[in-house]
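*Asks:* So I've got this file, my_file-v9.cif, and it contains mmCIF, C-alpha atoms and all ligand atoms:
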```cif
data_run
#
loop_
_atom_site.label_atom_id
_atom_site.label_comp_id
_atom_site.auth_asym_id
_atom_site.auth_seq_id
_atom_site.Cartn_x
_atom_site.Cartn_y
_atom_site.Cartn_z
CA ARG A 1 120.20 99.57 90.10
CA LYS A 2 120.47 97.29 93.09
CA LYS A 3 117.69 96.63 95.53
CA MET A 4 118.22 98.60 98.74
CA THR A 5 118.63 96.28 101.71
CA LEU A 6 119.24 97.00 105.38
CA PRO A 7 122.96 96.08 105.13
CA ARG A 8 123.36 98.42 102.12
CA PHE A 9 121.48 101.16 103.96
CA LEU A 10 123.91 100.87 106.90
CA ALA A 11 126.94 100.67 104.60
CA GLN A 12 126.11 104.00 102.97
CA LYS A 13 127.01 105.81 106.19
CA GLU A 14 130.46 104.18 106.21
CA LYS A 15 130.97 105.01 102.54
CA GLY A 16 129.85 108.59 103.10
CA LYS A 17 127.18 108.21 100.43
CA LYS A 18 124.10 110.28 101.31
CA ILE A 19 120.86 108.36 101.82
CA THR A 20 117.73 109.72 100.14
CA MET A 21 114.22 109.13 101.51
CA VAL A 22 110.81 110.48 100.54
CA THR A 23 107.35 109.71 101.81
CA ALA A 24 104.71 107.93 99.73
CA TYR A 25 101.22 106.79 100.55
CA ASP A 26 99.99 104.92 97.46
CA TYR A 27 100.93 102.86 94.40
CA LEU A 28 100.95 105.73 91.90
CA TRP A 29 103.51 107.89 93.67
CA ALA A 30 105.59 105.08 95.13
CA GLN A 31 106.16 103.72 91.62
CA LEU A 32 107.34 107.13 90.46
CA PHE A 33 109.75 107.68 93.38
CA ASP A 34 111.16 104.17 93.01
CA GLU A 35 111.71 104.70 89.29
CA ALA A 36 113.44 108.03 90.04
CA GLY A 37 115.89 106.06 92.16
CA VAL A 38 115.28 107.11 95.75
CA ASP A 39 117.06 104.89 98.32
CA SER A 40 114.09 104.53 100.64
CA ILE A 41 110.41 105.30 100.88
CA LEU A 42 108.69 106.13 104.15
CA VAL A 43 104.99 105.43 104.52
CA GLY A 44 104.82 108.28 107.02
CA ASP A 45 101.99 108.99 109.37
CA SER A 46 102.18 112.45 107.77
CA LEU A 47 99.46 110.56 105.86
CA GLY A 48 97.06 112.08 108.40
CA MET A 49 97.86 115.61 107.27
CA VAL A 50 98.78 115.44 103.59
CA VAL A 51 96.35 112.70 102.49
CA GLN A 52 93.56 112.78 105.09
CA GLY A 53 93.54 116.54 105.66
CA ARG A 54 93.73 116.30 109.44
CA GLN A 55 95.44 118.74 111.81
CA SER A 56 98.05 116.25 113.03
CA THR A 57 99.36 112.71 112.67
CA VAL A 58 97.68 111.56 115.87
CA PRO A 59 94.38 110.21 114.41
CA VAL A 60 96.10 107.83 111.94
CA THR A 61 95.22 104.22 112.75
CA LEU A 62 97.15 100.99 112.43
CA ASP A 63 94.69 99.68 109.83
CA GLN A 64 95.06 102.86 107.77
CA ILE A 65 98.86 102.79 107.71
CA ILE A 66 98.74 99.10 106.75
CA TYR A 67 96.30 99.86 103.91
CA HIS A 68 98.61 102.56 102.53
CA GLY A 69 101.80 100.62 103.22
CA GLU A 70 100.54 97.65 101.26
CA MET A 71 99.84 99.82 98.18
CA VAL A 72 103.31 101.36 98.38
CA VAL A 73 105.11 98.03 98.72
CA ARG A 74 103.25 96.66 95.69
CA ALA A 75 104.74 99.46 93.56
CA VAL A 76 108.34 99.34 94.75
CA LYS A 77 111.13 97.38 93.07
CA ASN A 78 114.32 98.78 94.63
CA ALA A 79 113.72 101.21 97.45
CA LEU A 80 113.74 100.19 101.11
CA VAL A 81 110.19 100.65 102.43
CA ILE A 82 109.74 101.81 106.02
CA VAL A 83 106.29 102.20 107.61
CA ASP A 84 105.50 104.52 110.54
CA MET A 85 103.98 103.01 113.65
CA PRO A 86 100.93 105.20 114.40
CA PHE A 87 100.35 107.02 117.68
CA MET A 88 99.41 104.55 120.45
CA SER A 89 100.38 101.46 118.46
CA TYR A 90 103.66 101.02 120.40
CA GLU A 91 103.47 103.07 123.63
CA VAL A 92 101.42 100.71 125.83
CA SER A 93 103.96 97.91 126.06
CA PRO A 94 106.82 96.29 124.14
CA GLN A 95 104.57 93.25 123.63
CA GLU A 96 101.88 95.32 121.98
CA ALA A 97 104.54 97.04 119.87
CA ILE A 98 105.85 93.66 118.67
CA ARG A 99 102.34 92.53 117.77
CA ASN A 100 101.58 95.74 115.86
CA ALA A 101 104.95 95.98 114.12
CA GLY A 102 104.52 92.34 113.17
CA ARG A 103 101.14 93.12 111.65
CA ILE A 104 102.61 96.03 109.68
CA LEU A 105 105.49 93.99 108.27
CA LYS A 106 103.40 90.89 107.63
CA GLU A 107 100.45 92.63 106.00
CA THR A 108 102.37 95.24 103.96
CA GLY A 109 105.56 93.39 103.04
CA ALA A 110 107.64 96.42 104.10
CA THR A 111 111.18 95.94 105.41
CA ALA A 112 111.06 98.07 108.55
CA VAL A 113 108.97 100.16 110.91
CA LYS A 114 109.67 103.55 112.48
CA LEU A 115 108.53 104.85 115.85
CA GLU A 116 108.95 108.18 117.62
CA GLY A 117 111.33 108.23 120.57
CA GLY A 118 114.86 107.38 121.59
CA GLU A 119 115.71 106.91 125.25
CA SER A 120 112.03 106.77 126.25
CA GLN A 121 111.34 103.95 123.76
CA ALA A 122 114.61 102.05 124.21
CA GLU A 123 112.91 99.08 125.87
CA THR A 124 110.44 98.82 122.99
CA ILE A 125 113.13 99.26 120.33
CA ARG A 126 115.10 96.48 122.03
CA ALA A 127 112.06 94.19 122.12
CA LEU A 128 111.41 94.75 118.41
CA ALA A 129 115.06 94.22 117.48
CA ARG A 130 115.20 91.02 119.56
CA SER A 131 112.17 89.78 117.65
CA GLU A 132 114.16 90.49 114.48
CA LEU A 133 111.87 93.31 113.39
CA ALA A 134 113.86 96.14 111.80
CA VAL A 135 113.12 99.40 113.57
CA MET A 136 114.07 103.02 112.97
CA ALA A 137 113.85 105.67 115.70
CA HIS A 138 112.72 109.31 115.31
CA VAL A 139 114.04 111.98 117.67
CA GLY A 140 114.04 115.76 117.94
CA MET A 141 110.63 117.16 117.07
CA LYS A 142 108.22 114.24 117.41
CA PRO A 143 104.95 115.15 115.65
CA GLN A 144 102.93 112.60 117.65
CA SER A 145 103.89 114.61 120.78
CA HIS A 146 102.95 117.99 119.32
CA GLN A 147 100.59 118.70 122.23
CA LEU A 148 103.46 118.38 124.71
CA LEU A 149 105.85 120.38 122.52
CA GLY A 150 103.36 123.21 122.03
CA GLY A 151 103.24 122.83 118.25
CA MET A 152 104.62 120.95 115.25
CA GLY A 153 107.27 123.46 114.21
CA ARG A 154 109.31 123.75 117.40
CA ILE A 155 113.08 123.40 116.91
CA GLN A 156 114.54 120.97 119.48
CA ARG A 157 117.77 122.20 121.08
CA ASN A 158 118.36 120.02 124.15
CA GLU A 159 121.78 118.66 123.24
CA ALA A 160 122.17 116.25 126.16
CA GLN A 161 118.73 114.75 125.54
CA LEU A 162 119.24 114.41 121.77
CA ILE A 163 122.61 112.69 122.17
CA ALA A 164 121.15 110.41 124.86
CA ASP A 165 118.16 109.59 122.61
CA ALA A 166 120.37 108.74 119.64
CA LYS A 167 122.78 106.62 121.66
CA ALA A 168 119.94 104.80 123.42
CA ALA A 169 118.21 104.04 120.10
CA GLU A 170 121.43 102.70 118.58
CA GLU A 171 122.29 100.66 121.66
CA ALA A 172 118.77 99.19 121.73
CA GLY A 173 119.11 98.00 118.14
CA ALA A 174 117.60 100.65 115.85
CA PHE A 175 119.10 100.56 112.35
CA GLY A 176 118.73 104.29 111.76
CA ILE A 177 117.33 107.48 113.24
CA VAL A 178 115.30 110.34 111.82
CA LEU A 179 116.39 113.72 113.24
CA GLU A 180 113.57 116.23 112.91
CA LEU A 181 113.93 120.00 113.41
CA ILE A 182 117.21 120.31 115.25
CA PRO A 183 120.03 122.84 114.68
CA ALA A 184 122.62 121.81 112.08
CA ASP A 185 125.60 121.74 114.46
CA LEU A 186 123.67 119.58 116.90
CA ALA A 187 122.62 117.19 114.12
CA GLN A 188 126.30 116.88 113.22
CA LYS A 189 127.20 116.03 116.82
CA VAL A 190 124.47 113.39 116.97
CA THR A 191 125.54 111.97 113.59
CA ASP A 192 129.17 111.75 114.75
CA ALA A 193 128.19 110.17 118.09
CA ILE A 194 126.58 107.05 116.60
CA SER A 195 127.43 104.54 113.90
CA ILE A 196 123.92 104.03 112.46
CA PRO A 197 122.69 106.48 109.79
CA THR A 198 120.89 109.70 110.71
CA ILE A 199 118.22 110.89 108.28
CA GLY A 200 117.49 114.58 108.71
CA ILE A 201 114.45 116.73 108.08
CA GLY A 202 115.03 120.34 109.06
CA ALA A 203 118.30 119.17 110.60
CA GLY A 204 120.93 120.72 108.32
CA PRO A 205 123.46 119.30 105.86
CA HIS A 206 125.50 117.02 108.13
CA CYS A 207 123.13 114.08 108.52
CA ASP A 208 123.83 110.81 106.70
CA GLY A 209 120.65 111.21 104.68
CA GLN A 210 117.69 113.49 104.04
CA VAL A 211 113.93 112.89 104.06
CA LEU A 212 111.13 115.14 102.86
CA VAL A 213 107.38 114.74 102.79
CA SER A 214 106.90 114.24 99.05
CA PRO A 215 103.92 116.58 98.43
CA ASP A 216 105.93 119.33 100.18
CA MET A 217 109.07 118.50 98.15
CA LEU A 218 107.17 118.66 94.85
CA GLY A 219 105.37 121.93 95.56
CA LEU A 220 101.90 120.47 96.05
CA THR A 221 101.46 122.16 99.44
CA PRO A 222 102.61 125.76 98.85
CA GLY A 223 100.92 127.03 102.02
CA PHE A 224 103.50 125.10 104.06
CA GLN A 225 106.79 127.05 103.90
CA PRO A 226 109.10 126.16 106.79
CA ARG A 227 112.69 127.36 106.45
CA PHE A 228 114.10 123.88 105.80
CA LEU A 229 111.82 123.08 102.88
CA LYS A 230 112.83 123.38 99.24
CA HIS A 231 110.36 122.89 96.39
CA PHE A 232 112.04 120.68 93.79
CA ALA A 233 109.07 121.01 91.41
CA ASN A 234 105.90 123.04 91.14
CA LEU A 235 103.33 120.31 90.64
CA ARG A 236 100.44 122.20 92.16
CA ASP A 237 100.47 124.84 89.42
CA ALA A 238 101.03 122.17 86.74
CA ALA A 239 98.04 120.16 88.01
CA ILE A 240 95.76 123.20 88.27
CA ASP A 241 96.82 124.49 84.82
CA GLY A 242 96.24 121.05 83.26
CA THR A 243 92.84 120.73 84.87
CA ARG A 244 91.84 124.23 83.73
CA SER A 245 92.89 123.39 80.17
CA PHE A 246 90.73 120.26 80.29
CA ILE A 247 87.74 122.28 81.51
CA ASP A 248 88.26 124.97 78.85
CA GLU A 249 88.67 122.51 75.99
CA VAL A 250 85.64 120.42 76.94
CA GLU A 251 83.49 123.53 77.37
CA SER A 252 84.65 125.02 74.06
CA GLY A 253 84.32 121.75 72.14
CA GLN A 254 88.04 121.61 71.31
CA TYR A 255 88.39 118.29 73.13
CA PRO A 256 87.62 115.56 72.22
CA ASP A 257 88.02 116.01 68.46
CA ALA A 258 87.94 113.45 65.65
CA SER A 259 91.43 112.13 66.50
CA HIS A 260 90.29 111.24 70.03
CA SER A 261 87.20 109.37 68.79
CA HIS A 262 86.49 105.83 67.66
CA GLU A 263 84.86 105.03 64.28
O1 LIG B 301 105.48 110.95 108.83
C1 LIG B 301 106.44 111.40 108.20
O2 LIG B 301 106.35 111.83 107.03
C2 LIG B 301 107.75 111.42 108.87
C3 LIG B 301 108.87 112.14 108.19
C4 LIG B 301 108.67 113.60 108.26
C5 LIG B 301 110.19 111.74 108.75
O3 LIG B 301 107.87 110.87 109.93
NA NA B 302 105.95 110.24 110.95
#
```
So that I can check it, write out the structure of this file as structure tokens.

*Replies:*
Amino acid sequence: RKKMTLPRFLAQKEKGKKITMVTAYDYLWAQLFDEAGVDSILVGDSLGMVVQGRQSTVPVTLDQIIYHGEMVVRAVKNALVIVDMPFMSYEVSPQEAIRNAGRILKETGATAVKLEGGESQAETIRALARSELAVMAHVGMKPQSHQLLGGMGRIQRNEAQLIADAKAAEEAGAFGIVLELIPADLAQKVTDAISIPTIGIGAGPHCDGQVLVSPDMLGLTPGFQPRFLKHFANLRDAAIDGTRSFIDEVESGQYPDASHSHE
């Protein structure tokens, strides 16, 4: 397999080859997803919820995402690694965004950063692109703005705004856009309106690629059942069953036996 680069990532849209992306937060899982052959790995600020157990992505800090991003990059041979810019690491000014994106790329070795926004962040996307920092946009449902949206699960249906966001992000120099929680027909319109890849989550089958939060994808978070999600494995039950077997065998004296012991 070839190493995924930004030019190859962009070329997949032209070729009509779907782009795959999953989140990872550490060496162990990133190594596994890379070996499985995923095109790209996102060190998402979903970290706050699935790893840290918080209610939202808002508390995640720049130092935390760098710590996790660095572990992921160390594991990856082929996938394109993208790291989320945490809440308030890019909103204050384009200058501050450049400094923080620079820290992320320099200290993790990742290829690109992602921030939430389209039209509203166009100036910042442009500043990052002009500094030759690869940046992905994220429009539709923006989890960092969940307080304004009235919740994390709200489908975004404002067609004019979504098209404007996507076009503004492309024009400002973003290399791709995540579309989160928008109707399928609208995601298709956005995808057709721009020439950079769209990566959907809860955005139907017409995007150029798909991303899922990996613990959700692998059935480790069964309490979370939005309509768009599919469990591609049932790792939670496998992990609980394995752990219960360990407990039973240690308590009964079945494990360890002579074959597991040194002379
Ligand atoms: O943080 C994250 O995992 C994300 C994906 C859902 C796109 O931003
Ligand atoms: Na995110």

*Asks:* With all atoms listed in the file counted, collect every polymer residue having an atom within 6 Å of ligand NA 302 (chain B); state the result as a ChimeraX atom specification.

*Replies:* /A:44-46,84

*Asks:* Report as a tab-separated table the residues of chain A within 9 Å of ligand LIG 301 (chain B), each with its shortest atom pair and distance in Å (one decimal), using all atoms listed in the file, ordered by chain and increasing residue number.

*Replies:*
```
residue	atom	partner	partner_atom	distance
A:Met21	CA	B:LIG301	C5	8.7
A:Val22	CA	B:LIG301	O2	8.0
A:Thr23	CA	B:LIG301	O2	5.7
A:Ala24	CA	B:LIG301	O2	8.4
A:Leu42	CA	B:LIG301	O2	6.8
A:Val43	CA	B:LIG301	O2	7.0
A:Gly44	CA	B:LIG301	O1	3.3
A:Asp45	CA	B:LIG301	O1	4.0
A:Ser46	CA	B:LIG301	O1	3.8
A:Leu47	CA	B:LIG301	O1	6.7
A:Gly48	CA	B:LIG301	O1	8.5
A:Thr57	CA	B:LIG301	O1	7.4
A:Val83	CA	B:LIG301	O1	8.9
A:Asp84	CA	B:LIG301	O1	6.7
A:Lys114	CA	B:LIG301	O3	8.0
A:Leu115	CA	B:LIG301	O3	8.5
A:Glu116	CA	B:LIG301	O3	8.2
A:His138	CA	B:LIG301	O3	7.4
A:Lys142	CA	B:LIG301	O3	8.2
A:Pro143	CA	B:LIG301	O3	7.7
A:Val178	CA	B:LIG301	C5	6.1
A:Leu179	CA	B:LIG301	C5	7.9
A:Glu180	CA	B:LIG301	C5	7.0
A:Ile199	CA	B:LIG301	C5	8.1
A:Gly200	CA	B:LIG301	C5	7.8
A:Ile201	CA	B:LIG301	C4	6.6
A:Val211	CA	B:LIG301	C5	6.1
A:Leu212	CA	B:LIG301	C4	6.1
A:Val213	CA	B:LIG301	O2	5.2
A:Ser214	CA	B:LIG301	O2	8.4
```

*Asks:* Between CA of Phe228 (chain A) and CA of Arg157 (chain A), what distance in Å does the model show, to one decimal?

*Replies:*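 We find that CA of Phe228 (chain A) and CA of Arg157 (chain A) lie 15.8 Å from each other.
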
*Asks:* Could you name the residues that touch Ala110 (chain A) at 12 Å or less, counting all atoms listed in the file, but leaving out those on the same chain fewer than 4 positions away, as a count of residues only?

*Replies:* 36

*Asks:* Determine the nearest neighbour of Gln188 (chain A) from the options A:Pro226, A:Gly204, A:Gly150, A:Gly242, counting all atoms listed in the file.

*Replies:*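 Smallest distance to Gln188 (chain A) is found for A:Gly204.
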